[in-house]
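Have a look at start-v7.csv; it's CSV, N, CA, C and O atoms:
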```
chain,number,residue,atom,x,y,z
A,205,MET,N,0.9,-1.2,0.0
A,205,MET,CA,0.0,0.0,0.0
A,205,MET,C,0.9,1.2,0.0
A,205,MET,O,1.8,1.4,0.8
A,206,GLY,N,0.6,2.1,-0.9
A,206,GLY,CA,1.4,3.3,-1.0
A,206,GLY,C,1.0,4.3,0.1
A,206,GLY,O,0.0,4.2,0.7
A,207,THR,N,1.8,5.4,0.2
A,207,THR,CA,1.5,6.4,1.2
A,207,THR,C,1.5,7.8,0.4
A,207,THR,O,2.1,7.9,-0.6
A,208,THR,N,0.8,8.7,1.0
A,208,THR,CA,0.7,10.0,0.5
A,208,THR,C,1.1,11.0,1.6
A,208,THR,O,0.6,10.9,2.8
A,209,ARG,N,2.0,11.9,1.4
A,209,ARG,CA,2.4,12.9,2.4
A,209,ARG,C,1.4,14.0,2.5
A,209,ARG,O,0.9,14.5,1.5
A,210,LYS,N,1.0,14.3,3.7
A,210,LYS,CA,0.0,15.4,4.0
A,210,LYS,C,0.6,16.4,4.9
A,210,LYS,O,1.4,16.0,5.8
A,211,THR,N,0.2,17.6,4.8
A,211,THR,CA,0.5,18.6,5.7
A,211,THR,C,-0.8,19.1,6.4
A,211,THR,O,-1.7,19.4,5.7
A,212,ILE,N,-0.8,19.1,7.7
A,212,ILE,CA,-2.0,19.5,8.5
A,212,ILE,C,-1.6,20.6,9.4
A,212,ILE,O,-0.4,20.7,9.8
A,213,THR,N,-2.6,21.4,9.8
A,213,THR,CA,-2.4,22.4,10.8
A,213,THR,C,-3.3,22.1,12.0
A,213,THR,O,-4.4,21.8,11.8
A,214,VAL,N,-2.7,22.2,13.2
A,214,VAL,CA,-3.4,22.0,14.4
A,214,VAL,C,-3.2,23.1,15.3
A,214,VAL,O,-2.2,23.8,15.2
A,215,THR,N,-4.1,23.3,16.3
A,215,THR,CA,-3.9,24.4,17.3
A,215,THR,C,-2.8,23.9,18.2
A,215,THR,O,-2.4,22.7,18.3
A,216,GLU,N,-2.3,24.9,19.0
A,216,GLU,CA,-1.2,24.6,20.0
A,216,GLU,C,-1.8,23.5,21.0
A,216,GLU,O,-1.1,22.6,21.4
A,217,GLN,N,-3.0,23.7,21.4
A,217,GLN,CA,-3.6,22.8,22.4
A,217,GLN,C,-3.7,21.4,21.8
A,217,GLN,O,-3.4,20.4,22.4
A,218,GLN,N,-4.1,21.3,20.5
A,218,GLN,CA,-4.1,20.0,19.8
A,218,GLN,C,-2.7,19.3,19.7
A,218,GLN,O,-2.6,18.1,19.9
A,219,ASP,N,-1.8,20.2,19.4
A,219,ASP,CA,-0.4,19.7,19.3
A,219,ASP,C,0.1,19.1,20.7
A,219,ASP,O,0.7,18.1,20.7
A,220,GLN,N,-0.2,19.8,21.7
A,220,GLN,CA,0.1,19.4,23.1
A,220,GLN,C,-0.5,18.0,23.4
A,220,GLN,O,0.1,17.1,24.0
A,221,TRP,N,-1.8,17.9,23.0
A,221,TRP,CA,-2.5,16.7,23.2
A,221,TRP,C,-1.8,15.5,22.4
A,221,TRP,O,-1.6,14.4,23.0
A,222,ILE,N,-1.5,15.7,21.2
A,222,ILE,CA,-0.8,14.7,20.4
A,222,ILE,C,0.5,14.3,21.0
A,222,ILE,O,0.8,13.1,21.2
A,223,LYS,N,1.3,15.3,21.5
A,223,LYS,CA,2.6,15.0,22.1
A,223,LYS,C,2.4,14.2,23.4
A,223,LYS,O,3.2,13.3,23.7
A,224,ALA,N,1.3,14.5,24.1
A,224,ALA,CA,1.0,13.8,25.4
A,224,ALA,C,0.7,12.4,25.1
A,224,ALA,O,1.1,11.5,25.8
A,225,GLN,N,0.0,12.1,24.0
A,225,GLN,CA,-0.4,10.7,23.6
A,225,GLN,C,0.9,9.9,23.3
A,225,GLN,O,1.0,8.8,23.6
A,226,ILE,N,1.8,10.6,22.6
A,226,ILE,CA,3.0,10.0,22.2
A,226,ILE,C,3.9,9.7,23.4
A,226,ILE,O,4.4,8.6,23.6
A,227,LYS,N,3.9,10.7,24.3
A,227,LYS,CA,4.7,10.5,25.6
A,227,LYS,C,4.2,9.4,26.4
A,227,LYS,O,5.0,8.7,27.1
A,228,ARG,N,2.9,9.2,26.4
A,228,ARG,CA,2.3,8.1,27.2
A,228,ARG,C,2.7,6.7,26.7
A,228,ARG,O,2.5,5.7,27.3
A,229,GLY,N,3.3,6.7,25.5
A,229,GLY,CA,3.8,5.5,24.9
A,229,GLY,C,2.9,4.8,23.9
A,229,GLY,O,3.2,3.7,23.5
A,230,GLY,N,1.7,5.4,23.7
A,230,GLY,CA,0.8,4.7,22.8
A,230,GLY,C,1.2,4.8,21.3
A,230,GLY,O,0.8,4.0,20.5
A,231,PHE,N,2.0,5.8,21.0
A,231,PHE,CA,2.4,6.1,19.6
A,231,PHE,C,3.8,6.6,19.6
A,231,PHE,O,4.3,7.1,20.5
A,232,THR,N,4.5,6.3,18.4
A,232,THR,CA,5.9,6.7,18.3
A,232,THR,C,6.0,8.1,17.7
A,232,THR,O,7.1,8.7,17.8
A,233,ASN,N,5.0,8.6,16.9
A,233,ASN,CA,5.1,9.9,16.3
A,233,ASN,C,3.7,10.4,16.0
A,233,ASN,O,2.7,9.7,16.1
A,234,ASP,N,3.7,11.7,15.5
A,234,ASP,CA,2.4,12.3,15.2
A,234,ASP,C,1.6,11.6,14.1
A,234,ASP,O,0.4,11.4,14.2
A,235,SER,N,2.3,11.1,13.1
A,235,SER,CA,1.7,10.4,12.0
A,235,SER,C,1.0,9.2,12.4
A,235,SER,O,-0.1,8.9,12.0
A,236,GLU,N,1.7,8.4,13.3
A,236,GLU,CA,1.1,7.2,13.8
A,236,GLU,C,-0.2,7.5,14.5
A,236,GLU,O,-1.2,6.8,14.4
A,237,TYR,N,-0.2,8.6,15.3
A,237,TYR,CA,-1.4,9.0,16.1
A,237,TYR,C,-2.6,9.4,15.1
A,237,TYR,O,-3.7,8.9,15.3
A,238,ILE,N,-2.3,10.2,14.1
A,238,ILE,CA,-3.3,10.6,13.2
A,238,ILE,C,-3.8,9.4,12.4
A,238,ILE,O,-5.0,9.3,12.2
A,239,ARG,N,-3.0,8.5,12.0
A,239,ARG,CA,-3.4,7.3,11.2
A,239,ARG,C,-4.4,6.5,12.1
A,239,ARG,O,-5.4,5.9,11.7
A,240,ASP,N,-4.0,6.4,13.4
A,240,ASP,CA,-4.9,5.6,14.3
A,240,ASP,C,-6.3,6.3,14.4
A,240,ASP,O,-7.3,5.6,14.4
A,241,LEU,N,-6.3,7.6,14.5
A,241,LEU,CA,-7.6,8.3,14.5
A,241,LEU,C,-8.4,8.0,13.3
A,241,LEU,O,-9.6,7.8,13.4
A,242,ILE,N,-7.8,8.0,12.1
A,242,ILE,CA,-8.5,7.8,10.9
A,242,ILE,C,-9.0,6.3,10.9
A,242,ILE,O,-10.2,6.1,10.5
A,243,ARG,N,-8.2,5.4,11.3
A,243,ARG,CA,-8.7,4.0,11.4
A,243,ARG,C,-9.9,3.8,12.3
A,243,ARG,O,-10.9,3.2,12.0
A,244,ARG,N,-9.8,4.5,13.4
A,244,ARG,CA,-11.0,4.5,14.4
A,244,ARG,C,-12.2,5.1,13.7
A,244,ARG,O,-13.3,4.6,13.9
A,245,ASP,N,-12.0,6.2,13.0
A,245,ASP,CA,-13.2,6.8,12.3
A,245,ASP,C,-13.8,5.9,11.3
A,245,ASP,O,-15.0,5.8,11.1
A,246,GLN,N,-12.9,5.2,10.5
A,246,GLN,CA,-13.4,4.3,9.5
A,246,GLN,C,-14.1,3.1,10.2
A,246,GLN,O,-15.2,2.7,9.7
A,247,ASP,N,-13.6,2.6,11.3
A,247,ASP,CA,-14.3,1.5,12.0
A,247,ASP,C,-15.6,2.0,12.5
A,247,ASP,O,-16.6,1.2,12.5
A,248,SER,N,-15.7,3.2,13.0
A,248,SER,CA,-16.9,3.7,13.5
A,248,SER,C,-18.0,3.9,12.4
A,248,SER,O,-19.2,3.5,12.6
A,249,ALA,N,-17.5,4.3,11.2
A,249,ALA,CA,-18.4,4.4,10.1
A,249,ALA,C,-19.0,3.0,9.7
A,249,ALA,O,-20.2,2.9,9.4
A,250,LYS,N,-18.1,2.0,9.7
A,250,LYS,CA,-18.5,0.6,9.4
A,250,LYS,C,-19.6,0.2,10.4
A,250,LYS,O,-20.6,-0.5,10.0
A,251,SER,N,-19.3,0.4,11.7
A,251,SER,CA,-20.2,0.0,12.7
A,251,SER,C,-21.5,0.7,12.6
A,251,SER,O,-22.6,0.1,12.8
A,252,GLN,N,-21.5,2.0,12.2
A,252,GLN,CA,-22.8,2.7,12.1
A,252,GLN,C,-23.6,2.1,10.9
A,252,GLN,O,-24.8,2.0,11.0
A,253,ALA,N,-22.9,1.8,9.8
A,253,ALA,CA,-23.6,1.2,8.6
A,253,ALA,C,-24.2,-0.1,9.0
A,253,ALA,O,-25.3,-0.4,8.6
A,254,LEU,N,-23.5,-0.9,9.8
A,254,LEU,CA,-24.0,-2.2,10.3
A,254,LEU,C,-25.2,-2.0,11.2
A,254,LEU,O,-26.3,-2.7,11.0
A,255,LYS,N,-25.2,-1.1,12.1
A,255,LYS,CA,-26.3,-0.8,13.0
A,255,LYS,C,-27.5,-0.4,12.2
A,255,LYS,O,-28.6,-0.8,12.4
A,256,GLU,N,-27.3,0.5,11.1
A,256,GLU,CA,-28.4,0.9,10.3
A,256,GLU,C,-29.0,-0.2,9.5
A,256,GLU,O,-30.2,-0.3,9.4
A,257,ALA,N,-28.2,-1.1,9.0
A,257,ALA,CA,-28.7,-2.3,8.3
A,257,ALA,C,-29.5,-3.2,9.2
A,257,ALA,O,-30.5,-3.7,8.8
A,258,VAL,N,-29.0,-3.4,10.4
A,258,VAL,CA,-29.8,-4.2,11.4
A,258,VAL,C,-31.1,-3.6,11.7
A,258,VAL,O,-32.1,-4.2,11.7
A,259,GLN,N,-31.1,-2.3,11.9
A,259,GLN,CA,-32.3,-1.6,12.2
A,259,GLN,C,-33.3,-1.7,11.1
A,259,GLN,O,-34.5,-1.8,11.3
A,260,GLU,N,-32.8,-1.5,9.9
A,260,GLU,CA,-33.6,-1.7,8.7
A,260,GLU,C,-34.3,-3.0,8.6
A,260,GLU,O,-35.5,-3.2,8.3
A,261,GLY,N,-33.5,-4.1,9.0
A,261,GLY,CA,-34.1,-5.4,9.0
A,261,GLY,C,-35.1,-5.6,10.1
A,261,GLY,O,-36.2,-6.2,9.8
A,262,LEU,N,-34.9,-5.0,11.3
A,262,LEU,CA,-35.9,-5.0,12.3
A,262,LEU,C,-37.1,-4.3,11.9
A,262,LEU,O,-38.3,-4.8,12.2
A,263,ASP,N,-37.0,-3.1,11.3
A,263,ASP,CA,-38.1,-2.3,10.9
A,263,ASP,C,-39.0,-3.0,9.8
A,263,ASP,O,-40.1,-2.7,9.7
A,264,SER,N,-38.3,-3.8,9.1
A,264,SER,CA,-39.1,-4.5,8.0
A,264,SER,C,-40.0,-5.5,8.4
A,264,SER,O,-40.9,-5.9,7.7
A,265,GLY,N,-39.9,-6.0,9.7
A,265,GLY,CA,-40.8,-6.9,10.2
A,265,GLY,C,-40.5,-8.4,9.8
A,265,GLY,O,-39.5,-8.6,9.1
A,266,ALA,N,-41.3,-9.3,10.3
A,266,ALA,CA,-41.1,-10.7,10.0
A,266,ALA,C,-41.5,-11.0,8.6
A,266,ALA,O,-42.5,-10.4,8.1
A,267,SER,N,-40.8,-11.9,8.0
A,267,SER,CA,-41.1,-12.4,6.6
A,267,SER,C,-42.1,-13.5,6.7
A,267,SER,O,-42.2,-14.3,7.6
A,268,ASP,N,-43.0,-13.5,5.6
A,268,ASP,CA,-43.9,-14.6,5.5
A,268,ASP,C,-43.3,-15.7,4.6
A,268,ASP,O,-44.0,-16.7,4.4
A,269,ARG,N,-42.1,-15.6,4.2
A,269,ARG,CA,-41.5,-16.6,3.3
A,269,ARG,C,-40.8,-17.6,4.2
A,269,ARG,O,-40.4,-17.4,5.3
A,270,THR,N,-40.7,-18.9,3.7
A,270,THR,CA,-40.0,-19.9,4.4
A,270,THR,C,-38.5,-19.8,4.2
A,270,THR,O,-38.0,-19.0,3.4
A,271,VAL,N,-37.7,-20.5,5.0
A,271,VAL,CA,-36.3,-20.4,5.0
A,271,VAL,C,-35.8,-20.9,3.6
A,271,VAL,O,-34.9,-20.3,3.0
A,272,SER,N,-36.5,-21.9,3.0
A,272,SER,CA,-36.1,-22.4,1.7
A,272,SER,C,-36.3,-21.3,0.6
A,272,SER,O,-35.5,-21.1,-0.3
A,273,GLN,N,-37.4,-20.6,0.7
A,273,GLN,CA,-37.7,-19.5,-0.2
A,273,GLN,C,-36.7,-18.4,-0.1
A,273,GLN,O,-36.2,-17.8,-1.1
A,274,ILE,N,-36.3,-18.1,1.1
A,274,ILE,CA,-35.3,-17.0,1.4
A,274,ILE,C,-34.0,-17.4,0.8
A,274,ILE,O,-33.3,-16.7,0.1
A,275,MET,N,-33.6,-18.7,1.0
A,275,MET,CA,-32.3,-19.2,0.5
A,275,MET,C,-32.3,-19.2,-1.1
A,275,MET,O,-31.3,-18.9,-1.7
A,276,GLU,N,-33.4,-19.6,-1.7
A,276,GLU,CA,-33.5,-19.5,-3.1
A,276,GLU,C,-33.3,-18.1,-3.6
A,276,GLU,O,-32.6,-17.9,-4.7
A,277,GLY,N,-33.9,-17.1,-3.0
A,277,GLY,CA,-33.7,-15.8,-3.4
A,277,GLY,C,-32.2,-15.3,-3.2
A,277,GLY,O,-31.7,-14.6,-4.1
A,278,VAL,N,-31.6,-15.8,-2.2
A,278,VAL,CA,-30.2,-15.4,-2.0
A,278,VAL,C,-29.3,-16.0,-3.1
A,278,VAL,O,-28.5,-15.4,-3.7
A,279,GLU,N,-29.6,-17.3,-3.4
A,279,GLU,CA,-28.8,-18.0,-4.5
A,279,GLU,C,-29.1,-17.3,-5.8
A,279,GLU,O,-28.2,-17.2,-6.6
A,280,THR,N,-30.3,-16.9,-6.1
A,280,THR,CA,-30.6,-16.2,-7.3
A,280,THR,C,-29.8,-14.9,-7.4
A,280,THR,O,-29.3,-14.6,-8.5
A,281,ARG,N,-29.8,-14.1,-6.4
A,281,ARG,CA,-29.0,-12.9,-6.4
A,281,ARG,C,-27.6,-13.1,-6.6
A,281,ARG,O,-26.9,-12.4,-7.3
A,282,LEU,N,-27.0,-14.2,-5.9
A,282,LEU,CA,-25.6,-14.5,-6.0
A,282,LEU,C,-25.3,-14.9,-7.4
A,282,LEU,O,-24.2,-14.5,-8.0
A,283,ARG,N,-26.1,-15.7,-8.1
A,283,ARG,CA,-25.9,-16.1,-9.4
A,283,ARG,C,-25.9,-14.9,-10.4
A,283,ARG,O,-25.1,-14.8,-11.3
A,284,ALA,N,-26.9,-14.0,-10.2
A,284,ALA,CA,-27.0,-12.9,-11.0
A,284,ALA,C,-25.8,-11.9,-10.9
A,284,ALA,O,-25.4,-11.3,-11.9
A,285,ASN,N,-25.2,-11.9,-9.7
A,285,ASN,CA,-24.0,-11.1,-9.5
A,285,ASN,C,-22.7,-11.9,-9.8
A,285,ASN,O,-21.6,-11.3,-9.6
A,286,GLY,N,-22.8,-13.1,-10.3
A,286,GLY,CA,-21.6,-13.9,-10.7
A,286,GLY,C,-20.8,-14.3,-9.5
A,286,GLY,O,-19.6,-14.6,-9.6
A,287,ARG,N,-21.5,-14.5,-8.3
A,287,ARG,CA,-20.7,-14.8,-7.1
A,287,ARG,C,-21.1,-16.3,-6.7
A,287,ARG,O,-20.6,-16.7,-5.6
A,288,LEU,N,-21.8,-17.0,-7.5
A,288,LEU,CA,-22.1,-18.4,-7.2
A,288,LEU,C,-22.0,-19.3,-8.4
A,288,LEU,O,-22.4,-18.9,-9.5
```
Have the structure of the file written as structure tokens, please.
Amino acid sequence: MGTTRKTITVTEQQDQWIKAQIKRGGFTNDSEYIRDLIRRDQDSAKSQALKEAVQEGLDSGASDRTVSQIMEGVETRLRANGRL
């Protein structure tokens, strides 16, 4: 995976916070700390999308289809997408 160099501007207070996190031993440098924040944000977005999908399923109510009918539908979609 390639990398891209970025230049960011932070306040003095933010800079002190980053330095404190590094000093505590959690990170070796500013870049490592910022990358960790980005990874956490990405994970949070994935978690939110999963929560929304679960809620959508709950909101849709119970299905009147049998398990076999549901599985047939899944297989049909997978074949249509070239994944089966």
Point-to-point distance in Å for atom C of Asp247 of chain A and atom C of Gly265 of chain A:
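Atom C of Gly265 of chain A sits 27.1 Å away from atom C of Asp247 of chain A.
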Based on the backbone DSSP call, show me all residues of segment 208-285 of chain A assigned alpha helix (DSSP H), as an MDAnalysis selection string.
chainID A and resid 216:227 234:264 271:284
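Across the structure, atom CA of Ile238 of chain A and atom O of Lys210 of chain A are spaced 10.3 Å apart.
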Record the distance separating atom O of Ser272 of chain A and atom N of Ala284 of chain A, expressed in Å with one decimal.
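Going from atom O of Ser272 of chain A over to atom N of Ala284 of chain A covers 14.9 Å.
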Residue completion, segment 238-249 of chain A, all heavy atoms, as a PDB file, in the frame of the given file:
```pdb
ATOM      1  N   ILE A 238      -2.300  10.200  14.100  1.00  0.00           N
ATOM      2  CA  ILE A 238      -3.300  10.600  13.200  1.00  0.00           C
ATOM      3  C   ILE A 238      -3.800   9.400  12.400  1.00  0.00           C
ATOM      4  O   ILE A 238      -5.000   9.300  12.200  1.00  0.00           O
ATOM      5  CB  ILE A 238      -2.705  11.669  12.209  1.00  0.00           C
ATOM      6  CG1 ILE A 238      -2.218  12.905  12.976  1.00  0.00           C
ATOM      7  CG2 ILE A 238      -3.717  12.037  11.136  1.00  0.00           C
ATOM      8  CD1 ILE A 238      -3.284  13.627  13.766  1.00  0.00           C
ATOM      9  N   ARG A 239      -3.000   8.500  12.000  1.00  0.00           N
ATOM     10  CA  ARG A 239      -3.400   7.300  11.200  1.00  0.00           C
ATOM     11  C   ARG A 239      -4.400   6.500  12.100  1.00  0.00           C
ATOM     12  O   ARG A 239      -5.400   5.900  11.700  1.00  0.00           O
ATOM     13  CB  ARG A 239      -2.257   6.462  10.755  1.00  0.00           C
ATOM     14  CG  ARG A 239      -1.559   7.062   9.544  1.00  0.00           C
ATOM     15  CD  ARG A 239      -0.573   6.082   8.913  1.00  0.00           C
ATOM     16  NE  ARG A 239       0.443   5.625   9.842  1.00  0.00           N
ATOM     17  CZ  ARG A 239       1.612   6.234  10.041  1.00  0.00           C
ATOM     18  NH1 ARG A 239       1.913   7.342   9.373  1.00  0.00           N
ATOM     19  NH2 ARG A 239       2.487   5.749  10.898  1.00  0.00           N
ATOM     20  N   ASP A 240      -4.000   6.400  13.400  1.00  0.00           N
ATOM     21  CA  ASP A 240      -4.900   5.600  14.300  1.00  0.00           C
ATOM     22  C   ASP A 240      -6.300   6.300  14.400  1.00  0.00           C
ATOM     23  O   ASP A 240      -7.300   5.600  14.400  1.00  0.00           O
ATOM     24  CB  ASP A 240      -4.252   5.544  15.718  1.00  0.00           C
ATOM     25  CG  ASP A 240      -5.073   4.713  16.677  1.00  0.00           C
ATOM     26  OD1 ASP A 240      -5.189   3.485  16.449  1.00  0.00           O
ATOM     27  OD2 ASP A 240      -5.612   5.276  17.649  1.00  0.00           O
ATOM     28  N   LEU A 241      -6.300   7.600  14.500  1.00  0.00           N
ATOM     29  CA  LEU A 241      -7.600   8.300  14.500  1.00  0.00           C
ATOM     30  C   LEU A 241      -8.400   8.000  13.300  1.00  0.00           C
ATOM     31  O   LEU A 241      -9.600   7.800  13.400  1.00  0.00           O
ATOM     32  CB  LEU A 241      -7.380   9.825  14.691  1.00  0.00           C
ATOM     33  CG  LEU A 241      -6.857  10.314  16.033  1.00  0.00           C
ATOM     34  CD1 LEU A 241      -6.616  11.821  15.974  1.00  0.00           C
ATOM     35  CD2 LEU A 241      -7.806   9.965  17.156  1.00  0.00           C
ATOM     36  N   ILE A 242      -7.800   8.000  12.100  1.00  0.00           N
ATOM     37  CA  ILE A 242      -8.500   7.800  10.900  1.00  0.00           C
ATOM     38  C   ILE A 242      -9.000   6.300  10.900  1.00  0.00           C
ATOM     39  O   ILE A 242     -10.200   6.100  10.500  1.00  0.00           O
ATOM     40  CB  ILE A 242      -7.538   8.002   9.674  1.00  0.00           C
ATOM     41  CG1 ILE A 242      -7.203   9.497   9.567  1.00  0.00           C
ATOM     42  CG2 ILE A 242      -8.160   7.484   8.383  1.00  0.00           C
ATOM     43  CD1 ILE A 242      -6.088   9.821   8.602  1.00  0.00           C
ATOM     44  N   ARG A 243      -8.200   5.400  11.300  1.00  0.00           N
ATOM     45  CA  ARG A 243      -8.700   4.000  11.400  1.00  0.00           C
ATOM     46  C   ARG A 243      -9.900   3.800  12.300  1.00  0.00           C
ATOM     47  O   ARG A 243     -10.900   3.200  12.000  1.00  0.00           O
ATOM     48  CB  ARG A 243      -7.554   3.047  11.863  1.00  0.00           C
ATOM     49  CG  ARG A 243      -6.566   2.657  10.782  1.00  0.00           C
ATOM     50  CD  ARG A 243      -5.633   1.550  11.251  1.00  0.00           C
ATOM     51  NE  ARG A 243      -4.736   1.984  12.316  1.00  0.00           N
ATOM     52  CZ  ARG A 243      -3.580   2.592  12.123  1.00  0.00           C
ATOM     53  NH1 ARG A 243      -3.151   2.844  10.892  1.00  0.00           N
ATOM     54  NH2 ARG A 243      -2.832   2.952  13.139  1.00  0.00           N
ATOM     55  N   ARG A 244      -9.800   4.500  13.400  1.00  0.00           N
ATOM     56  CA  ARG A 244     -11.000   4.500  14.400  1.00  0.00           C
ATOM     57  C   ARG A 244     -12.200   5.100  13.700  1.00  0.00           C
ATOM     58  O   ARG A 244     -13.300   4.600  13.900  1.00  0.00           O
ATOM     59  CB  ARG A 244     -10.650   5.220  15.653  1.00  0.00           C
ATOM     60  CG  ARG A 244      -9.654   4.519  16.517  1.00  0.00           C
ATOM     61  CD  ARG A 244      -9.512   5.275  17.811  1.00  0.00           C
ATOM     62  NE  ARG A 244      -8.233   5.055  18.430  1.00  0.00           N
ATOM     63  CZ  ARG A 244      -7.954   5.429  19.659  1.00  0.00           C
ATOM     64  NH1 ARG A 244      -8.858   6.050  20.380  1.00  0.00           N
ATOM     65  NH2 ARG A 244      -6.763   5.198  20.166  1.00  0.00           N
ATOM     66  N   ASP A 245     -12.000   6.200  13.000  1.00  0.00           N
ATOM     67  CA  ASP A 245     -13.200   6.800  12.300  1.00  0.00           C
ATOM     68  C   ASP A 245     -13.800   5.900  11.300  1.00  0.00           C
ATOM     69  O   ASP A 245     -15.000   5.800  11.100  1.00  0.00           O
ATOM     70  CB  ASP A 245     -12.737   8.135  11.740  1.00  0.00           C
ATOM     71  CG  ASP A 245     -13.899   8.982  11.287  1.00  0.00           C
ATOM     72  OD1 ASP A 245     -14.902   9.087  12.021  1.00  0.00           O
ATOM     73  OD2 ASP A 245     -13.808   9.546  10.176  1.00  0.00           O
ATOM     74  N   GLN A 246     -12.900   5.200  10.500  1.00  0.00           N
ATOM     75  CA  GLN A 246     -13.400   4.300   9.500  1.00  0.00           C
ATOM     76  C   GLN A 246     -14.100   3.100  10.200  1.00  0.00           C
ATOM     77  O   GLN A 246     -15.200   2.700   9.700  1.00  0.00           O
ATOM     78  CB  GLN A 246     -12.171   3.708   8.722  1.00  0.00           C
ATOM     79  CG  GLN A 246     -11.549   4.731   7.794  1.00  0.00           C
ATOM     80  CD  GLN A 246     -10.242   4.251   7.189  1.00  0.00           C
ATOM     81  OE1 GLN A 246      -9.478   3.506   7.813  1.00  0.00           O
ATOM     82  NE2 GLN A 246      -9.967   4.692   5.970  1.00  0.00           N
ATOM     83  N   ASP A 247     -13.600   2.600  11.300  1.00  0.00           N
ATOM     84  CA  ASP A 247     -14.300   1.500  12.000  1.00  0.00           C
ATOM     85  C   ASP A 247     -15.600   2.000  12.500  1.00  0.00           C
ATOM     86  O   ASP A 247     -16.600   1.200  12.500  1.00  0.00           O
ATOM     87  CB  ASP A 247     -13.429   0.992  13.164  1.00  0.00           C
ATOM     88  CG  ASP A 247     -12.220   0.187  12.719  1.00  0.00           C
ATOM     89  OD1 ASP A 247     -12.173  -0.232  11.536  1.00  0.00           O
ATOM     90  OD2 ASP A 247     -11.318  -0.013  13.553  1.00  0.00           O
ATOM     91  N   SER A 248     -15.700   3.200  13.000  1.00  0.00           N
ATOM     92  CA  SER A 248     -16.900   3.700  13.500  1.00  0.00           C
ATOM     93  C   SER A 248     -18.000   3.900  12.400  1.00  0.00           C
ATOM     94  O   SER A 248     -19.200   3.500  12.600  1.00  0.00           O
ATOM     95  CB  SER A 248     -16.679   5.117  14.117  1.00  0.00           C
ATOM     96  OG  SER A 248     -17.882   5.708  14.542  1.00  0.00           O
ATOM     97  N   ALA A 249     -17.500   4.300  11.200  1.00  0.00           N
ATOM     98  CA  ALA A 249     -18.400   4.400  10.100  1.00  0.00           C
ATOM     99  C   ALA A 249     -19.000   3.000   9.700  1.00  0.00           C
ATOM    100  O   ALA A 249     -20.200   2.900   9.400  1.00  0.00           O
ATOM    101  CB  ALA A 249     -17.742   5.065   8.884  1.00  0.00           C
TER     102      ALA A 249
END
```
